[in-house]
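K.L.:
Enclosed is the structure file model-v8.txt (compact mmCIF, C-alpha atoms).
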# COMPACT_ATOMS: atom_id res chain seq x y z
CA MET A 1 -17.14 -21.88 -26.69
CA GLU A 2 -18.66 -19.40 -29.15
CA MET A 3 -21.58 -17.07 -28.56
CA ASP A 4 -23.68 -14.69 -30.62
CA ILE A 5 -23.69 -11.07 -29.60
CA THR A 6 -25.50 -8.00 -30.85
CA LEU A 7 -24.20 -4.56 -29.99
CA THR A 8 -23.82 -1.04 -31.30
CA VAL A 9 -20.31 0.07 -32.20
CA ASN A 10 -19.79 3.70 -33.20
CA GLY A 11 -23.47 3.98 -34.03
CA GLU A 12 -23.57 0.87 -36.18
CA ARG A 13 -25.60 -2.20 -35.21
CA ILE A 14 -23.37 -5.27 -35.23
CA ALA A 15 -24.18 -8.97 -34.88
CA GLU A 16 -21.21 -11.30 -34.57
CA ARG A 17 -20.24 -14.69 -33.23
CA VAL A 18 -17.35 -14.46 -30.77
CA GLU A 19 -15.30 -16.82 -28.70
CA ALA A 20 -16.14 -16.47 -24.99
CA ARG A 21 -12.53 -15.70 -24.12
CA GLN A 22 -12.17 -12.90 -26.68
CA SER A 23 -11.57 -9.51 -25.11
CA LEU A 24 -13.47 -6.44 -26.22
CA VAL A 25 -10.34 -4.83 -27.63
CA ASP A 26 -9.41 -7.93 -29.65
CA PHE A 27 -12.98 -8.03 -30.94
CA VAL A 28 -13.01 -4.45 -32.20
CA ARG A 29 -9.52 -4.76 -33.68
CA ASP A 30 -9.60 -8.24 -35.22
CA ASP A 31 -13.27 -8.77 -36.05
CA LEU A 32 -14.34 -5.20 -36.81
CA GLY A 33 -11.03 -3.86 -38.14
CA LEU A 34 -11.12 -0.88 -35.77
CA THR A 35 -7.41 -0.79 -34.98
CA GLY A 36 -7.36 2.63 -33.32
CA SER A 37 -7.79 0.98 -29.93
CA HIS A 38 -4.33 -0.28 -29.08
CA ILE A 39 -3.14 -3.23 -27.04
CA GLY A 40 -0.29 -2.67 -24.65
CA CYS A 41 -0.10 -4.70 -21.47
CA GLU A 42 -3.32 -6.77 -21.65
CA HIS A 43 -3.72 -6.61 -17.90
CA GLY A 44 -5.25 -3.24 -17.25
CA VAL A 45 -2.15 -1.25 -16.42
CA CYS A 46 -1.27 0.77 -19.53
CA GLY A 47 -4.56 2.27 -20.72
CA ALA A 48 -3.82 1.94 -24.46
CA CYS A 49 -7.12 0.07 -25.00
CA THR A 50 -9.32 2.65 -23.23
CA MET A 51 -12.72 2.92 -24.93
CA ARG A 52 -16.32 3.66 -23.99
CA VAL A 53 -19.01 1.17 -23.13
CA ASP A 54 -22.48 2.53 -22.39
CA GLY A 55 -21.08 6.01 -22.01
CA GLU A 56 -18.29 5.24 -19.52
CA ILE A 57 -14.63 4.55 -20.19
CA VAL A 58 -13.36 1.01 -19.67
CA ARG A 59 -10.28 -1.09 -20.29
CA GLY A 60 -10.91 -3.02 -23.51
CA CYS A 61 -8.55 -5.75 -22.33
CA LEU A 62 -10.41 -6.36 -19.04
CA MET A 63 -13.83 -6.83 -20.56
CA LEU A 64 -15.00 -9.71 -22.69
CA ALA A 65 -16.75 -9.14 -25.99
CA VAL A 66 -19.60 -11.40 -24.80
CA GLN A 67 -20.15 -9.03 -21.87
CA CYS A 68 -20.94 -6.26 -24.36
CA ASP A 69 -24.00 -8.03 -25.76
CA GLY A 70 -26.65 -5.31 -25.92
CA SER A 71 -24.18 -2.52 -25.14
CA VAL A 72 -23.21 0.67 -26.91
CA VAL A 73 -19.48 0.73 -27.62
CA GLU A 74 -17.56 3.79 -28.79
CA THR A 75 -13.97 3.54 -29.96
CA ILE A 76 -11.55 6.27 -30.92
CA GLU A 77 -12.76 5.97 -34.52
CA GLY A 78 -16.30 6.90 -33.51
CA LEU A 79 -15.24 9.62 -31.10
CA SER A 80 -12.97 11.08 -33.76
CA ASP A 81 -15.52 10.92 -36.61
CA SER A 82 -18.21 12.59 -34.52
CA GLY A 83 -16.00 15.61 -33.93
CA GLU A 84 -16.37 15.26 -30.16
CA LEU A 85 -12.60 15.23 -29.70
CA ALA A 86 -11.61 17.61 -32.49
CA ASP A 87 -10.33 20.40 -30.24
CA LEU A 88 -8.48 17.92 -28.04
CA GLN A 89 -6.86 16.28 -31.03
CA ALA A 90 -5.79 19.68 -32.37
CA ALA A 91 -4.34 20.65 -28.99
CA PHE A 92 -2.38 17.37 -28.79
CA GLU A 93 -0.91 18.09 -32.20
CA GLN A 94 -0.13 21.74 -31.50
CA ARG A 95 1.55 21.03 -28.19
CA ASN A 96 3.46 17.93 -29.24
CA ALA A 97 1.46 15.85 -26.77
CA LEU A 98 2.29 12.74 -28.76
CA GLN A 99 5.35 11.30 -30.37
CA CYS A 100 4.91 7.65 -31.35
CA GLY A 101 1.14 7.93 -30.90
CA TYR A 102 0.65 4.50 -29.39
CA CYS A 103 -0.99 5.79 -26.19
CA THR A 104 -2.84 8.62 -27.91
CA PRO A 105 -6.26 7.01 -28.64
CA GLY A 106 -6.54 5.85 -25.02
CA MET A 107 -5.16 9.13 -23.71
CA LEU A 108 -7.66 11.19 -25.70
CA THR A 109 -10.56 8.98 -24.63
CA ALA A 110 -9.54 9.21 -20.96
CA ALA A 111 -8.96 12.97 -21.18
CA GLN A 112 -12.37 13.55 -22.74
CA GLU A 113 -13.96 11.74 -19.79
CA LEU A 114 -12.39 14.28 -17.42
CA LEU A 115 -13.32 17.25 -19.59
CA LYS A 116 -16.93 16.09 -19.83
CA ALA A 117 -17.32 17.14 -16.19
CA GLY A 118 -17.47 20.70 -17.51
CA THR A 119 -14.98 22.27 -15.11
CA VAL A 120 -11.35 23.32 -15.45
CA PRO A 121 -9.40 20.68 -13.53
CA SER A 122 -6.12 21.55 -11.83
CA ARG A 123 -2.92 20.18 -13.38
CA GLU A 124 -2.73 17.80 -10.43
CA GLU A 125 -6.25 16.54 -11.14
CA ILE A 126 -5.37 16.06 -14.80
CA ARG A 127 -2.29 14.05 -13.82
CA GLU A 128 -4.34 11.92 -11.45
CA HIS A 129 -7.00 11.31 -14.05
CA ILE A 130 -4.54 10.17 -16.73
CA SER A 131 -2.45 8.20 -14.23
CA GLY A 132 -3.92 5.04 -15.72
CA ASN A 133 -2.60 5.81 -19.19
CA TYR A 134 1.07 5.19 -19.83
CA CYS A 135 2.99 7.37 -22.29
CA ARG A 136 6.61 6.36 -22.82
CA CYS A 137 7.54 9.28 -25.11
CA THR A 138 6.37 12.65 -23.90
CA GLY A 139 6.99 12.70 -20.17
CA TYR A 140 3.32 13.76 -19.86
CA HIS A 141 4.02 17.47 -19.52
CA ALA A 142 2.79 18.34 -23.01
CA ILE A 143 -0.23 16.08 -22.54
CA VAL A 144 -1.21 17.93 -19.36
CA ASP A 145 -0.67 21.24 -21.21
CA ALA A 146 -2.95 20.13 -24.03
CA ILE A 147 -5.73 18.89 -21.76
CA GLU A 148 -5.54 22.00 -19.60
CA SER A 149 -5.70 24.34 -22.61
CA VAL A 150 -8.77 22.55 -23.99
CA ALA A 151 -10.48 22.64 -20.59
CA LYS A 152 -9.93 26.41 -20.41
CA ALA A 153 -10.97 26.97 -24.01
CA ARG A 154 -14.17 24.98 -23.59
CA MET A 155 -15.09 26.83 -20.42
CA GLY A 156 -14.29 30.16 -22.07
CA ALA A 157 -16.44 29.30 -25.04
CA GLY A 158 -19.30 28.41 -22.74
CA THR A 159 -19.50 31.81 -21.05
CA MET B 1 -1.33 -12.64 -23.41
CA LYS B 2 -4.73 -14.14 -24.14
CA PRO B 3 -6.68 -16.24 -21.63
CA ALA B 4 -6.95 -20.00 -22.01
CA PRO B 5 -10.33 -21.07 -23.44
CA PHE B 6 -13.25 -21.14 -21.03
CA ALA B 7 -17.00 -21.51 -21.21
CA TYR B 8 -19.21 -18.58 -20.22
CA LYS B 9 -22.58 -18.56 -18.52
CA LYS B 10 -24.69 -15.66 -17.35
CA PRO B 11 -27.25 -16.88 -14.82
CA ARG B 12 -30.26 -14.74 -13.94
CA THR B 13 -30.56 -15.77 -10.29
CA LEU B 14 -28.24 -16.37 -7.36
CA ASP B 15 -29.56 -19.92 -6.96
CA GLU B 16 -28.65 -20.65 -10.57
CA ALA B 17 -25.15 -19.23 -10.04
CA ILE B 18 -24.68 -21.28 -6.86
CA ALA B 19 -25.81 -24.43 -8.68
CA LEU B 20 -23.33 -23.74 -11.50
CA LEU B 21 -20.55 -23.38 -8.91
CA GLY B 22 -21.55 -26.77 -7.51
CA GLU B 23 -21.42 -28.43 -10.92
CA ASN B 24 -18.12 -26.78 -11.92
CA PRO B 25 -15.71 -26.78 -8.99
CA ASP B 26 -13.03 -24.85 -10.89
CA ALA B 27 -15.41 -22.16 -12.20
CA ARG B 28 -14.75 -18.52 -11.33
CA ILE B 29 -17.29 -15.82 -10.60
CA LEU B 30 -17.07 -12.82 -12.93
CA ALA B 31 -18.26 -9.58 -11.31
CA GLY B 32 -16.34 -6.47 -12.41
CA GLY B 33 -13.53 -8.62 -13.77
CA GLN B 34 -10.86 -5.99 -13.21
CA SER B 35 -8.61 -8.37 -11.28
CA LEU B 36 -9.95 -11.64 -12.67
CA MET B 37 -9.49 -10.76 -16.35
CA ALA B 38 -5.90 -9.69 -15.71
CA THR B 39 -5.10 -13.01 -14.02
CA LEU B 40 -6.80 -14.91 -16.86
CA ASN B 41 -4.91 -12.91 -19.50
CA MET B 42 -1.65 -13.71 -17.74
CA ARG B 43 -2.77 -17.34 -17.43
CA LEU B 44 -2.24 -17.30 -13.70
CA SER B 45 -5.66 -18.91 -13.60
CA ALA B 46 -7.41 -21.08 -16.21
CA PRO B 47 -10.95 -21.93 -15.07
CA SER B 48 -13.17 -24.08 -17.30
CA LEU B 49 -16.13 -21.77 -16.78
CA LEU B 50 -16.78 -18.12 -16.02
CA ILE B 51 -20.05 -17.45 -14.22
CA ASP B 52 -20.97 -13.87 -15.05
CA ILE B 53 -23.17 -12.61 -12.21
CA ASN B 54 -23.81 -9.22 -13.85
CA GLY B 55 -27.23 -10.39 -15.03
CA ILE B 56 -28.52 -11.03 -11.50
CA GLU B 57 -30.98 -8.36 -10.39
CA GLY B 58 -30.86 -6.60 -7.06
CA LEU B 59 -27.15 -6.87 -6.26
CA GLY B 60 -26.13 -3.37 -7.33
CA GLU B 61 -27.66 -1.19 -4.63
CA ILE B 62 -25.96 1.07 -2.11
CA ALA B 63 -28.41 1.86 0.69
CA LEU B 64 -28.62 3.18 4.24
CA LYS B 65 -30.58 0.72 6.36
CA ASP B 66 -31.63 0.52 9.97
CA GLY B 67 -29.22 -1.35 12.20
CA ALA B 68 -29.21 -2.58 15.78
CA GLN B 69 -27.88 0.71 17.18
CA ASN B 70 -27.05 3.03 14.35
CA GLY B 71 -27.70 2.82 10.66
CA VAL B 72 -25.92 0.35 8.41
CA ILE B 73 -24.65 0.95 4.90
CA GLU B 74 -25.36 -2.04 2.71
CA ILE B 75 -23.38 -2.29 -0.50
CA GLY B 76 -24.60 -4.92 -2.94
CA ALA B 77 -22.03 -7.23 -4.47
CA LEU B 78 -22.32 -5.64 -7.92
CA ALA B 79 -22.13 -1.99 -6.84
CA ARG B 80 -19.30 -0.53 -8.89
CA HIS B 81 -16.50 1.70 -7.67
CA VAL B 82 -17.76 4.57 -9.79
CA GLN B 83 -21.18 4.22 -8.17
CA ALA B 84 -19.65 4.48 -4.70
CA GLU B 85 -17.54 7.41 -5.84
CA ARG B 86 -20.65 9.33 -6.93
CA SER B 87 -22.92 8.15 -4.09
CA GLU B 88 -24.26 10.73 -1.64
CA THR B 89 -24.96 7.89 0.78
CA ILE B 90 -21.30 6.85 0.76
CA ALA B 91 -20.05 10.45 1.02
CA THR B 92 -22.27 11.13 4.04
CA HIS B 93 -22.40 7.81 5.87
CA ALA B 94 -19.25 5.93 4.83
CA PRO B 95 -16.52 8.61 4.72
CA LEU B 96 -13.69 6.07 4.91
CA ILE B 97 -14.88 4.41 1.70
CA ALA B 98 -15.20 7.86 0.12
CA CYS B 99 -11.56 8.63 1.09
CA ALA B 100 -10.29 5.34 -0.28
CA MET B 101 -12.18 5.37 -3.56
CA PRO B 102 -10.03 7.80 -5.61
CA THR B 103 -6.90 5.79 -4.77
CA ILE B 104 -8.33 2.57 -6.21
CA ALA B 105 -6.87 2.02 -9.67
CA HIS B 106 -7.92 4.44 -12.40
CA PRO B 107 -11.24 5.84 -13.67
CA ALA B 108 -11.58 3.30 -16.52
CA ILE B 109 -11.12 0.47 -14.03
CA ARG B 110 -13.46 1.99 -11.43
CA THR B 111 -16.18 2.00 -14.12
CA ARG B 112 -16.29 -1.79 -14.04
CA GLY B 113 -14.72 -2.87 -10.75
CA THR B 114 -17.06 -3.82 -7.93
CA LEU B 115 -16.67 -3.38 -4.18
CA GLY B 116 -17.91 -6.92 -3.61
CA GLY B 117 -15.38 -8.29 -6.07
CA SER B 118 -12.53 -6.55 -4.28
CA ILE B 119 -13.62 -8.05 -0.95
CA ALA B 120 -14.17 -11.50 -2.48
CA PHE B 121 -10.77 -11.46 -4.20
CA ALA B 122 -9.05 -10.19 -1.00
CA ASP B 123 -5.87 -8.89 -2.56
CA PRO B 124 -3.57 -8.14 0.38
CA ALA B 125 -2.52 -4.82 -1.17
CA ALA B 126 -6.05 -3.64 -1.98
CA GLU B 127 -7.75 -0.77 -0.18
CA LEU B 128 -11.28 -2.05 0.41
CA PRO B 129 -10.47 -5.18 2.43
CA ALA B 130 -8.56 -2.95 4.87
CA CYS B 131 -11.47 -0.49 5.00
CA LEU B 132 -13.88 -3.33 5.78
CA LEU B 133 -11.64 -4.47 8.64
CA ALA B 134 -11.05 -0.94 9.96
CA LEU B 135 -14.80 -0.33 10.03
CA ASP B 136 -15.57 -3.71 11.62
CA GLY B 137 -17.92 -4.46 8.74
CA GLU B 138 -19.58 -7.68 7.68
CA VAL B 139 -19.89 -9.80 4.58
CA ASP B 140 -23.12 -11.49 3.50
CA ALA B 141 -22.68 -14.74 1.65
CA GLN B 142 -25.11 -17.15 0.06
CA GLY B 143 -24.47 -20.79 -0.73
CA PRO B 144 -26.28 -24.11 -1.11
CA LYS B 145 -27.00 -24.14 2.63
CA GLY B 146 -28.52 -20.67 2.61
CA LYS B 147 -27.36 -17.26 3.76
CA ARG B 148 -24.88 -16.31 6.44
CA THR B 149 -23.04 -13.25 7.69
CA ILE B 150 -19.30 -13.19 8.36
CA LYS B 151 -17.58 -10.53 10.51
CA ALA B 152 -14.62 -8.80 8.85
CA GLY B 153 -12.34 -10.08 11.61
CA ASP B 154 -13.17 -13.68 10.71
CA TYR B 155 -13.34 -13.17 6.97
CA PHE B 156 -9.73 -12.61 5.85
CA GLN B 157 -7.90 -15.87 6.47
CA GLY B 158 -4.77 -15.87 4.32
CA LEU B 159 -3.26 -14.80 1.03
CA TYR B 160 -6.29 -14.43 -1.29
CA GLU B 161 -8.02 -16.75 1.15
CA THR B 162 -11.34 -15.85 2.75
CA ALA B 163 -14.04 -17.52 4.83
CA LEU B 164 -16.21 -17.90 1.71
CA GLY B 165 -16.85 -21.56 0.96
CA PRO B 166 -16.22 -23.00 -2.52
CA GLN B 167 -19.89 -22.75 -3.42
CA GLU B 168 -20.63 -19.48 -1.65
CA ILE B 169 -21.11 -16.13 -3.35
CA LEU B 170 -20.59 -12.79 -1.65
CA THR B 171 -23.90 -10.93 -1.94
CA ALA B 172 -23.30 -7.73 0.03
CA ILE B 173 -20.97 -5.97 2.40
CA ARG B 174 -22.28 -4.06 5.38
CA LEU B 175 -20.64 -1.20 7.24
CA PRO B 176 -21.74 0.72 10.31
CA ALA B 177 -22.95 4.16 9.24
CA ALA B 178 -20.88 7.07 10.46
CA ASN B 179 -22.27 9.47 13.06
CA LYS B 180 -20.98 12.73 14.51
CA ASP B 181 -18.41 10.95 16.69
CA THR B 182 -16.99 8.86 13.87
CA ARG B 183 -13.41 9.67 12.85
CA VAL B 184 -11.69 8.12 9.86
CA GLY B 185 -8.25 8.27 8.34
CA PHE B 186 -6.77 6.91 5.15
CA ALA B 187 -3.35 7.10 3.51
CA GLU B 188 -1.32 5.00 1.14
CA LEU B 189 1.98 5.17 -0.68
CA ALA B 190 2.17 3.88 -4.24
CA ARG B 191 4.71 4.34 -7.00
CA ARG B 192 2.05 5.68 -9.35
CA HIS B 193 -1.34 7.10 -8.40
CA GLY B 194 -3.83 4.23 -8.61
CA ASP B 195 -1.34 1.40 -8.42
CA TYR B 196 -1.45 -1.17 -5.67
CA ALA B 197 -0.04 0.36 -2.51
CA ILE B 198 3.48 -0.31 -1.26
CA VAL B 199 1.93 0.25 2.16
CA GLY B 200 -1.48 1.62 3.05
CA LEU B 201 -3.50 2.30 6.18
CA ALA B 202 -7.24 2.63 6.75
CA ALA B 203 -8.47 3.71 10.18
CA SER B 204 -11.59 4.44 12.15
CA ALA B 205 -12.19 5.68 15.68
CA ARG B 206 -14.76 7.40 17.84
CA ALA B 207 -14.30 10.81 19.38
CA ASP B 208 -14.13 10.59 23.16
CA GLY B 209 -14.03 14.05 24.70
CA LYS B 210 -10.73 15.42 23.49
CA GLY B 211 -9.35 11.98 22.75
CA LEU B 212 -10.19 8.91 20.72
CA LYS B 213 -11.60 5.52 21.58
CA ASP B 214 -12.30 2.33 19.66
CA VAL B 215 -9.35 3.02 17.37
CA ARG B 216 -9.14 0.42 14.61
CA LEU B 217 -6.14 0.46 12.28
CA ALA B 218 -5.96 -1.81 9.24
CA TYR B 219 -2.75 -1.94 7.23
CA PHE B 220 -2.61 -3.29 3.69
CA GLY B 221 0.34 -4.32 1.56
CA VAL B 222 2.34 -5.54 4.56
CA GLY B 223 1.11 -9.10 5.00
CA ALA B 224 -1.08 -11.86 3.58
CA THR B 225 -4.26 -10.14 4.80
CA PRO B 226 -5.16 -6.68 6.08
CA LEU B 227 -3.55 -6.45 9.51
CA ARG B 228 -4.48 -4.69 12.75
CA PRO B 229 -1.60 -3.61 15.01
CA LEU B 230 -3.49 -3.93 18.30
CA LYS B 231 -0.81 -2.38 20.51
CA SER B 232 -0.64 0.68 18.28
CA GLU B 233 -4.42 1.00 18.42
CA ALA B 234 -4.28 1.01 22.21
CA ALA B 235 -1.50 3.62 22.24
CA LEU B 236 -3.44 5.84 19.87
CA SER B 237 -6.51 5.54 22.09
CA ARG B 238 -4.30 7.00 24.84
CA GLY B 239 -3.33 9.81 22.47
CA ASP B 240 0.30 8.71 22.30
CA ILE B 241 1.34 8.78 18.64
CA ASP B 242 5.04 8.11 19.34
CA ALA B 243 4.15 5.04 21.36
CA ALA B 244 1.75 3.91 18.63
CA VAL B 245 4.53 4.08 16.04
CA ALA B 246 6.99 2.37 18.38
CA ALA B 247 4.49 -0.41 19.07
CA LEU B 248 4.00 -1.33 15.40
CA ASP B 249 4.64 -5.06 15.18
CA LEU B 250 4.24 -5.59 11.45
CA ASP B 251 6.44 -8.18 9.79
CA PRO B 252 6.29 -7.44 6.04
CA HIS B 253 8.28 -9.35 3.45
CA ASP B 254 10.41 -7.84 0.72
CA ASP B 255 8.45 -7.58 -2.49
CA ILE B 256 8.94 -6.24 -5.99
CA GLN B 257 8.19 -2.69 -4.81
CA ALA B 258 10.12 -2.31 -1.56
CA THR B 259 12.19 -4.10 1.03
CA ALA B 260 10.70 -5.11 4.37
CA ALA B 261 12.73 -2.38 6.09
CA VAL B 262 11.34 0.30 3.79
CA LYS B 263 7.80 -0.98 4.28
CA LYS B 264 8.20 -0.92 8.07
CA HIS B 265 9.51 2.62 7.95
CA LEU B 266 6.67 3.73 5.67
CA ALA B 267 4.11 2.08 7.96
CA GLY B 268 5.27 4.45 10.71
CA VAL B 269 5.11 7.44 8.38
CA LEU B 270 1.53 6.54 7.43
CA LEU B 271 0.53 6.00 11.04
CA ARG B 272 1.55 9.57 11.89
CA ARG B 273 -0.38 10.93 8.90
CA VAL B 274 -3.49 8.91 9.70
CA ALA B 275 -3.31 9.73 13.42
CA ALA B 276 -3.26 13.42 12.48
CA GLN B 277 -6.34 12.90 10.29
CA LEU B 278 -8.18 11.10 13.11
CA MET B 279 -7.41 13.87 15.56
CA GLU B 280 -7.72 16.83 13.21
CA GLN B 281 -11.37 16.17 12.52
CA ARG B 282 -12.40 16.76 16.11
CA ALA B 283 -14.82 19.64 16.43
What's the C-alpha cells form of this structure?
P.N.:
Amino acid sequence: MEMDITLTVNGERIAERVEARQSLVDFVRDDLGLTGSHIGCEHGVCGACTMRVDGEIVRGCLMLAVQCDGSVVETIEGLSDSGELADLQAAFEQRNALQCGYCTPGMLTAAQELLKAGTVPSREEIREHISGNYCRCTGYHAIVDAIESVAKARMGAGT
Amino acid sequence: MKPAPFAYKKPRTLDEAIALLGENPDARILAGGQSLMATLNMRLSAPSLLIDINGIEGLGEIALKDGAQNGVIEIGALARHVQAERSETIATHAPLIACAMPTIAHPAIRTRGTLGGSIAFADPAAELPACLLALDGEVDAQGPKGKRTIKAGDYFQGLYETALGPQEILTAIRLPAANKDTRVGFAELARRHGDYAIVGLAASARADGKGLKDVRLAYFGVGATPLRPLKSEAALSRGDIDAAVAALDLDPHDDIQATAAVKKHLAGVLLRRVAAQLMEQRA
C-alpha cells in the first residue's frame, strides 16, 4: 500500500509517495538521500536513528514515514547546517567523543535535547539522558565530558 | 529488519476505528508504536492492517476529575509518556506514575510512547501495568457493544493477554488521586537505565498512624503479568519488613537477563528498598 505524504524536512517542503511500511529513517535515507541518520538495531534500542519530529526527538526506526504527514522533521543534516550544534560538534571532536562515528548523529541530537533545557546537568543526568544511545567505541566517558563542557560553556556565555 | 507489508488507515473517530477492527480481525492498533513497530520490524507480528488512532480527537488529555470519594486522575489513551513526565497534575496527584516515568525507556521513546499503549500491550516487564495494579486503577474500553470499565485486578490475564476483547479499544486509564495519606514506592533493576527491568516493584499504601495500611505491591518482570504478593502486603501492613521479604511467594522463570534464583533474590532487595520509601515519607 502506497500513500502520499507532505512534510517539511530540514526546512524544505517535501511531497512524496511512500509505502505504508516504510520507516521514517528509511524514508529520509533512501528517498531523500539524507544518510546522516544511521540505522543500527531497527527496534528502538540503539539510538543511531535519533532525529526530531515536531521539535521532539524520536526513534526514526519506530515511526512510519506516513505518520509524519504534515510534520516538521529535522535530521542531523539540518541541525548541523543551521549551526545549532556547532559547539557540541566541536567539543566532540576536541575530546575524542567519537571514533567510528556511527552513533554520533544520534548522540549529538539526543545531547542537544538535554542541553536545550538550559541548565548544567550532572554527569549522572547526562549518562541517564544518553542511555538510549549506544556507542561501541568510546566507553562514553569522552562523550559525557564533551556534553558537560558544552553545557557549562553555554551557561557561562549566557551570564 | 523491515516489517512485512501492511495497509494503513487513520480513522478520525473511535467508532470508525472499532468498525475497522471488526472488518480486519488481524489488524493492530497503532498508538505510540514504540513496542508495536519493534515487533513489526522483527516480524514477530505481521498484521494486514495498522489502524493509526493518533488522528482521533480527545484521547490525549491528562485530567483530575471528581471521583466517588476522592479525585480521580484520568489519562487518555493517547497521552504520551513525555506529557505525563511534564504534567503538574501527574506530579501532584499521581506520584507513583511520576516516579516510574524516568525509568521507562529513553527520552526519544517517551516522546512517542503512550501510557494507554503500554497498558494495552501489557508487557510483563513494563512499569506502567504494575503501577496500574499497585494503585488499584481502572481501564476504560470501548467496543461495538459500547463502553465498559475494567478493574486493574481483572484486566491482566496472561502473557500479553488482557481483558480487552478483540474489537475493543482502550480509551483511558483511571487512577485514584493521591491525598496526604498516600504513600508510594518504586524501584527497579535493569542492566542499562531505561531497559526493561530484570525485576521491578511498584507500591502504594496509606499512612495509618505510625504504620501503613492498604499496602499494595505489584512486581513486574517476574511472571506473565504484574503480580501482587498478598502475604508480603499483609506483613508490611504490620510493619514487619523481614516477614514481608520471607513471605514473598514469587515463582519467576529464568530469562535472558537473569536466573530465577537471582530474580527471587532481587525481588527481596527491592522490597526492602520500596518498604523504606513507603515508610520514609511519613510526616
K.L.:
Figure out the distance between CA of Ala205 (chain B) and CA of Ala177 (chain B), please, to one decimal in Å.
P.N.:
12.6 Å
K.L.:
Just need the residues of chain B within 6 Å of chain A, counting all atoms listed in the file, so spit them out as number ranges by chain.
P.N.:
B: 5, 7, 34, 37-38, 106, 108
K.L.:
Hey, what's within 12 Å of Ser48 (chain B) if we count only C-alpha atoms and toss same-chain stuff fewer than 5 positions away? As a list of chain:residue names, please?
P.N.:
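That gives A:Met1, A:Ala20, A:Arg21, B:Pro3, B:Ala4, B:Pro5, B:Phe6, B:Ala7, B:Tyr8, B:Lys9, B:Leu20, B:Leu21, B:Glu23, B:Asn24, B:Pro25, B:Asp26, B:Ala27, B:Arg28, B:Ile29, B:Leu40.
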K.L.:
For Ala146 (chain A), list every protein, DNA or RNA residue within 7 Å, evaluated using all atoms listed in the file, and leave out those in the same chain fewer than 6 positions away; present the list as a ChimeraX atom specification.
P.N.:
/A:91-92,95,97
K.L.:
Record the distance separating CA of Ile241 (chain B) and CA of Glu188 (chain B), expressed in Å with one decimal.
P.N.:
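CA of Glu188 (chain B) lies 18.1 Å from CA of Ile241 (chain B).
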K.L.:
Considering all atoms listed in the file, return as a PyMOL selection string whatever protein or nucleic-acid residues lie within 9 Å of Ala151 (chain A), sequence-local ones (same chain, fewer than 5 positions apart) excluded.
P.N.:
chain A and resi 115+118-121+146+156
K.L.:
Counting only C-alpha atoms, I want the residues whose atoms come within 10 Å of (-1.6, -3.4, 19.0) in the file frame, returned as a count of residues only.
P.N.:
16
K.L.:
What does the distance from CA of Gly33 (chain A) to CA of Gly83 (chain A) come to in Å, to one decimal?
P.N.:
20.5 Å
K.L.:
Using all atoms listed in the file, which residues sit within 12 Å of Gln94 (chain A) once same-chain residues fewer than 2 positions away are excluded, as a PyMOL selection string?
P.N.:
chain A and resi 87-92+96-99+142-143+145-147+149-150
K.L.:
Can you work out which one of B:Ile18, B:Ala218, B:Ile104, B:Leu227 has the shortest atom-to-atom distance to Gln142 (chain B), counting all atoms listed in the file?
P.N.:
B:Ile18
K.L.:
Residues at most 10 Å from Ile256 (chain B), counting all atoms listed in the file, excluding those fewer than 3 positions away in the same chain, as a ChimeraX atom specification?
P.N.:
/B:198,253,259
K.L.:
Would you please work out which residue, of B:Ile109, B:Leu271, B:Met42, B:Ile173, is nearest to Ala79 (chain B) when using only C-alpha atoms?
P.N.:
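Looking at the shortest contact to Ala79 (chain B), the residue is B:Ile173.
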K.L.:
Take the point (-19.1, -14.7, 4.1) in the file's coordinates, draw a sphere of radius 6 Å around it, and report as a list in words every protein, DNA or RNA residue with an atom inside or on it, counting all atoms listed in the file.
P.N.:
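Using all atoms listed in the file, the matching residues come out as Val139, Asp140, Ala141, Thr149, Ile150, Ala163 and Leu164 of chain B.
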K.L.:
So, counting all atoms listed in the file, which residue among A:Glu124, A:Glu12, A:Glu93, A:Asp4 is closest to Glu74 (chain A)?
P.N.:
A:Glu12
